[in-house]
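One structure below.
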Amino acid sequence: MAIRAKELAEMLGVSQATISLVLNRKAGLSEKTRKELTDKICGMGLQYMFAPPETGDEAGTAAKIQEWEGAAESIGFIIYTRGGELMEQSPFFPLILNGLESTAKQRGYRLLVINVKRKTNMDDQIEYIKAAGCKGYVIFATEMLDDDVNPFLELGVPIVLLDNYYLDRNINSVTVNNEQGTYALVKSLVDKGHRKIGYLGSGVNIVSFSERRECYFRALTKFGITGTERYCFDIGYPEQPACLGMQNVLNSRVELPTAFLTENDLVAYGAMKAMQAAGMRIPQDISIVGFDDRPICMLAEPSITTVRIPRTRFGGEAIELLVNKIDQMANHIESYVKVEVCVELVERESVANIL
């Protein structure tokens, strides 16, 4: 359904109080800040969230909204949540929103943001989406499983899945290159002398996480490393469940590897907290790497080695793919593409050289 002010604040990286001042046209913000946020909100197609204008409307907000309302056609960004394990507890979409918005604007479209929750009546939500009248939709599909995509195929306009794909469906998609990222992490550990390399999983059933586990085993095989199953544990997600799960692993007194590759930065951070609470030193006693390069990697002590997803291009590629599909549909061209965005190894302090 329509986005809420709290969610908008999270997307834009500002406080709810700041968003309230902007939406309600109240004093208390600099002209520059008000203009920047107004531009972003209008660029997302969310003009309806502003309160009615009053005499002496600050910083030309009403004029800016009217300008956007008469602008180009819209494409939609649907944030899909099934159970909320990932999207609600540690949302990634605010980090890629700028790429979505700027690329849409470059291609002559406004971006309309819509939240869809699997637990709510889907028929009503699909009708709301249809009423939005967008030319096509990028769907942030991290939590999509099985037939969750079916209602969106009935919209009658092009769609692109972001951070998910279906092997048995002809649907355009943009995903992270998990194979390349996992291989880069394993190689960085092997190059520093690690041969006992374990895996810490989230226990969350999504395509991207399952891929990373499979890629872990394939990467180890390329380096002649086998028999690591005893070092693989599902410990939970996000940080606090991962911390508790790692505590259980440590309490079981099982043999530990010299290094852990983890399914996600938040899993890595939670595991680190449990290890440090147990008196283990990182990386002196054990090394650990993440995946995604969330902000928590730089806040952790020590900072976490990981792989970085180019967030601007991640969203931008989805918009490019969608606009191309809109153009193809207008010319009755049928083609489907899966784009894999490569990642970059970011070496920090959480890995020891044991050569």
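Here's how to read the names in the structure tokens: chain A, B, ... by the order shown, residue numbers from 1 in each chain, ligand numbers from 1 in the order shown.
For Thr262 (chain A), the set of protein, DNA and RNA residues having any atom at most 6 Å away, when counting only C-alpha atoms and skipping those fewer than 3 positions along the same chain, is Tyr199, Leu200, Ala268 and Gly290 of chain A.
Running DSSP on the backbone gives alpha helix (DSSP H) for these residues within region 152-182 of chain A: Phe152, Leu153, Asn178, Glu179, Gln180, Gly181 and Thr182 of chain A.
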Selection file, C-alpha atoms, as a short mmCIF file (atom, residue, chain, number, x, y, z; two decimals), in the first residue's frame:
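Result file part.cif:
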```
data_model
loop_
_atom_site.label_atom_id
_atom_site.label_comp_id
_atom_site.auth_asym_id
_atom_site.auth_seq_id
_atom_site.Cartn_x
_atom_site.Cartn_y
_atom_site.Cartn_z
CA PHE A 152 2.39 -8.95 -10.55
CA LEU A 153 2.39 -10.80 -13.87
CA ASN A 178 27.14 -14.12 -5.69
CA GLU A 179 29.55 -16.50 -7.44
CA GLN A 180 32.11 -13.78 -8.07
CA GLY A 181 31.71 -12.23 -4.62
CA THR A 182 31.99 -15.52 -2.74
#
```
Next on the checklist: Can you tell me, as a ChimeraX atom specification, which residues in region 150-214 of chain A count as strand (DSSP E) by DSSP?
Outcome noted: /A:159-162,172-176,197-201
Per-residue nearest contacts region 209-228 of chain A to region 263-267 of chain A, cut-off 10 Å, using only C-alpha atoms, as a tab-separated table:
```
residue	atom	partner	partner_atom	distance
A:Phe209	CA	A:Glu263	CA	6.2
A:Ser210	CA	A:Glu263	CA	8.8
A:Glu211	CA	A:Glu263	CA	9.6
A:Arg212	CA	A:Glu263	CA	6.6
A:Arg213	CA	A:Glu263	CA	7.3
A:Tyr216	CA	A:Glu263	CA	9.6
```
Atoms kept (C-alpha atoms) for selection, written as a JSON list (two decimals), in the first residue's frame:
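This is the output file out-v7.json:
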```json
[["chain", "number", "residue", "atom", "x", "y", "z"],
["A", 209, "PHE", "CA", 21.51, -16.58, 0.56],
["A", 210, "SER", "CA", 21.08, -20.11, -0.83],
["A", 211, "GLU", "CA", 23.30, -19.17, -3.75],
["A", 212, "ARG", "CA", 26.04, -17.90, -1.50],
["A", 213, "ARG", "CA", 26.18, -21.18, 0.40],
["A", 216, "TYR", "CA", 31.08, -21.26, -0.94]]
```
Item to check | Exercise: region 172-174 of chain A partners within 9 Å, only C-alpha atoms, chain neighbours under 5 positions left out, as a ChimeraX atom specification | outcome: /A:138,158-166,314-315,317-318,321-322,325,335-341
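Here CA of Leu185 (chain A) stands at a distance of 28.6 Å from CA of Ile139 (chain A).
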Next on the checklist: Which residues are near region 271-276 of chain A? Cut-off 12 Å, only C-alpha atoms, ignore same chain within fewer than 4 positions. Put them as a PyMOL selection string.
Outcome noted: chain A and resi 199-202+233-251+256+259-267+280-290+296-297+300-304+350
Please write the residues from the selection above to a file, keeping N, CA and C atoms, as a short mmCIF file (atom, residue, chain, number, x, y, z; two decimals), in the first residue's frame.
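This went into out_28.cif:
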```cif
data_model
loop_
_atom_site.label_atom_id
_atom_site.label_comp_id
_atom_site.auth_asym_id
_atom_site.auth_seq_id
_atom_site.Cartn_x
_atom_site.Cartn_y
_atom_site.Cartn_z
N TYR A 199 31.44 -21.69 7.39
CA TYR A 199 30.36 -20.88 6.82
C TYR A 199 29.29 -20.65 7.88
N LEU A 200 28.91 -19.40 8.09
CA LEU A 200 27.84 -19.05 9.01
C LEU A 200 26.64 -18.55 8.22
N GLY A 201 25.55 -19.30 8.26
CA GLY A 201 24.35 -18.96 7.52
C GLY A 201 23.32 -18.27 8.39
N SER A 202 22.34 -17.69 7.72
CA SER A 202 21.28 -16.94 8.41
C SER A 202 20.10 -17.82 8.81
N PHE A 233 27.38 -23.65 9.99
CA PHE A 233 26.31 -23.51 10.99
C PHE A 233 25.33 -22.42 10.56
N ASP A 234 24.06 -22.67 10.77
CA ASP A 234 23.03 -21.64 10.62
C ASP A 234 22.81 -21.02 11.99
N ILE A 235 23.09 -19.73 12.13
CA ILE A 235 23.05 -19.13 13.47
C ILE A 235 21.95 -18.08 13.64
N GLY A 236 21.31 -17.64 12.55
CA GLY A 236 20.21 -16.69 12.69
C GLY A 236 20.48 -15.36 12.02
N TYR A 237 19.43 -14.51 12.02
CA TYR A 237 19.48 -13.22 11.34
C TYR A 237 18.43 -12.29 11.94
N PRO A 238 18.64 -10.97 12.11
CA PRO A 238 19.91 -10.26 11.89
C PRO A 238 20.85 -10.38 13.08
N GLU A 239 21.37 -9.21 13.62
CA GLU A 239 22.50 -9.28 14.53
C GLU A 239 22.22 -10.06 15.82
N GLN A 240 21.12 -9.74 16.51
CA GLN A 240 20.88 -10.35 17.81
C GLN A 240 20.64 -11.85 17.72
N PRO A 241 19.76 -12.32 16.81
CA PRO A 241 19.62 -13.77 16.67
C PRO A 241 20.94 -14.44 16.27
N ALA A 242 21.72 -13.79 15.40
CA ALA A 242 23.01 -14.35 15.00
C ALA A 242 23.95 -14.46 16.19
N CYS A 243 23.92 -13.45 17.06
CA CYS A 243 24.76 -13.48 18.26
C CYS A 243 24.37 -14.64 19.17
N LEU A 244 23.08 -14.82 19.38
CA LEU A 244 22.61 -15.93 20.22
C LEU A 244 22.94 -17.28 19.60
N GLY A 245 22.76 -17.38 18.27
CA GLY A 245 23.07 -18.63 17.59
C GLY A 245 24.55 -18.97 17.67
N MET A 246 25.41 -17.96 17.56
CA MET A 246 26.84 -18.20 17.66
C MET A 246 27.22 -18.59 19.08
N GLN A 247 26.54 -18.02 20.06
CA GLN A 247 26.79 -18.43 21.45
C GLN A 247 26.51 -19.92 21.64
N ASN A 248 25.43 -20.41 21.01
CA ASN A 248 25.10 -21.83 21.11
C ASN A 248 26.18 -22.69 20.46
N VAL A 249 26.71 -22.23 19.32
CA VAL A 249 27.79 -22.97 18.65
C VAL A 249 29.02 -23.03 19.57
N LEU A 250 29.38 -21.90 20.16
CA LEU A 250 30.56 -21.88 21.03
C LEU A 250 30.35 -22.73 22.29
N ASN A 251 29.14 -22.71 22.81
CA ASN A 251 28.85 -23.50 24.01
C ASN A 251 28.89 -25.00 23.74
N LEU A 256 36.39 -25.40 15.78
CA LEU A 256 36.16 -24.22 14.95
C LEU A 256 37.23 -24.11 13.86
N ALA A 259 38.80 -19.50 10.02
CA ALA A 259 38.09 -18.34 9.45
C ALA A 259 36.67 -18.74 9.09
N PHE A 260 35.76 -17.78 9.21
CA PHE A 260 34.37 -17.97 8.80
C PHE A 260 34.02 -17.01 7.67
N LEU A 261 33.40 -17.54 6.62
CA LEU A 261 32.71 -16.73 5.62
C LEU A 261 31.25 -16.71 6.03
N THR A 262 30.62 -15.55 5.99
CA THR A 262 29.24 -15.45 6.45
C THR A 262 28.31 -15.04 5.32
N GLU A 263 27.03 -15.30 5.51
CA GLU A 263 26.02 -15.09 4.49
C GLU A 263 25.72 -13.61 4.26
N ASN A 264 26.06 -12.79 5.26
CA ASN A 264 25.64 -11.39 5.23
C ASN A 264 26.41 -10.64 6.32
N ASP A 265 26.63 -9.35 6.14
CA ASP A 265 27.36 -8.56 7.13
C ASP A 265 26.73 -8.62 8.52
N LEU A 266 25.40 -8.64 8.58
CA LEU A 266 24.74 -8.64 9.87
C LEU A 266 24.94 -9.96 10.60
N VAL A 267 25.03 -11.05 9.85
CA VAL A 267 25.37 -12.34 10.45
C VAL A 267 26.79 -12.28 10.99
N MET A 280 37.18 -14.43 22.74
CA MET A 280 37.98 -14.66 21.53
C MET A 280 38.39 -13.33 20.93
N ARG A 281 39.60 -13.30 20.37
CA ARG A 281 40.11 -12.10 19.73
C ARG A 281 39.99 -12.24 18.21
N ILE A 282 39.50 -11.19 17.59
CA ILE A 282 39.35 -11.17 16.13
C ILE A 282 40.29 -10.09 15.59
N PRO A 283 41.20 -10.44 14.68
CA PRO A 283 41.34 -11.72 13.97
C PRO A 283 42.40 -12.65 14.55
N GLN A 284 42.98 -12.32 15.71
CA GLN A 284 44.09 -13.12 16.21
C GLN A 284 43.71 -14.58 16.44
N ASP A 285 42.51 -14.81 17.00
CA ASP A 285 42.07 -16.17 17.29
C ASP A 285 41.23 -16.77 16.16
N ILE A 286 40.49 -15.94 15.48
CA ILE A 286 39.65 -16.41 14.37
C ILE A 286 39.33 -15.23 13.45
N SER A 287 39.28 -15.48 12.16
CA SER A 287 38.97 -14.44 11.18
C SER A 287 37.53 -14.59 10.71
N ILE A 288 36.97 -13.49 10.20
CA ILE A 288 35.58 -13.52 9.75
C ILE A 288 35.39 -12.50 8.63
N VAL A 289 34.57 -12.85 7.64
CA VAL A 289 34.26 -11.92 6.54
C VAL A 289 32.75 -11.87 6.35
N GLY A 290 32.26 -10.75 5.85
CA GLY A 290 30.84 -10.56 5.59
C GLY A 290 30.52 -10.59 4.12
N ILE A 296 27.44 -1.21 8.97
CA ILE A 296 27.90 -1.83 10.21
C ILE A 296 29.33 -2.32 10.10
N CYS A 297 29.81 -2.60 8.88
CA CYS A 297 31.17 -3.12 8.70
C CYS A 297 32.22 -2.12 9.17
N ALA A 300 32.00 -1.74 13.25
CA ALA A 300 32.43 -2.88 14.06
C ALA A 300 33.89 -2.72 14.48
N GLU A 301 34.25 -3.35 15.60
CA GLU A 301 35.62 -3.40 16.08
C GLU A 301 36.04 -4.85 16.22
N PRO A 302 36.94 -5.34 15.35
CA PRO A 302 37.58 -4.63 14.24
C PRO A 302 36.62 -4.47 13.06
N SER A 303 36.96 -3.60 12.13
CA SER A 303 36.13 -3.42 10.93
C SER A 303 36.14 -4.71 10.11
N ILE A 304 35.05 -4.94 9.37
CA ILE A 304 34.81 -6.25 8.76
C ILE A 304 35.19 -6.26 7.28
N SER A 350 39.32 -7.63 9.91
CA SER A 350 38.79 -8.83 10.56
C SER A 350 39.43 -10.13 10.09
#
```
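Of note, CA of Gly133 (chain A) and CA of Glu101 (chain A) are spaced 17.8 Å apart.
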Checklist entry - So which residues touch region 122-124 of chain A within 12 Å, counting only C-alpha atoms, skipping near sequence neighbours fewer than 2 positions away, as a ChimeraX atom specification? => result /A:1-2,80-82,115-120,126-131,148-152,154-155
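Checking A:Leu100, A:Val351, A:Ala184, A:Val254 one by one against Glu320 (chain A), counting only C-alpha atoms, you find the shortest gap at A:Leu100.
The residue set within 10 Å of region 192-196 of chain A, counting only C-alpha atoms and dropping same-chain residues fewer than 4 places from it, reads Val186, Lys187, Ser188, Leu220, Phe223, Gly224, Ile225, Thr226, Gly227, Thr228, Tyr231, Leu256, Pro257, Thr258, Ala259, Phe260, Ser287, Val351, Ala352, Asn353, Ile354 and Leu355 of chain A.
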Item to check | Contacts of Arg311 (chain A) within 12 Å, only C-alpha atoms, excl. fewer than 2 positions in-chain, as a PyMOL selection string | outcome: chain A and resi 92-100+162-163+175-176+292-294+307-309+313-318+341-344
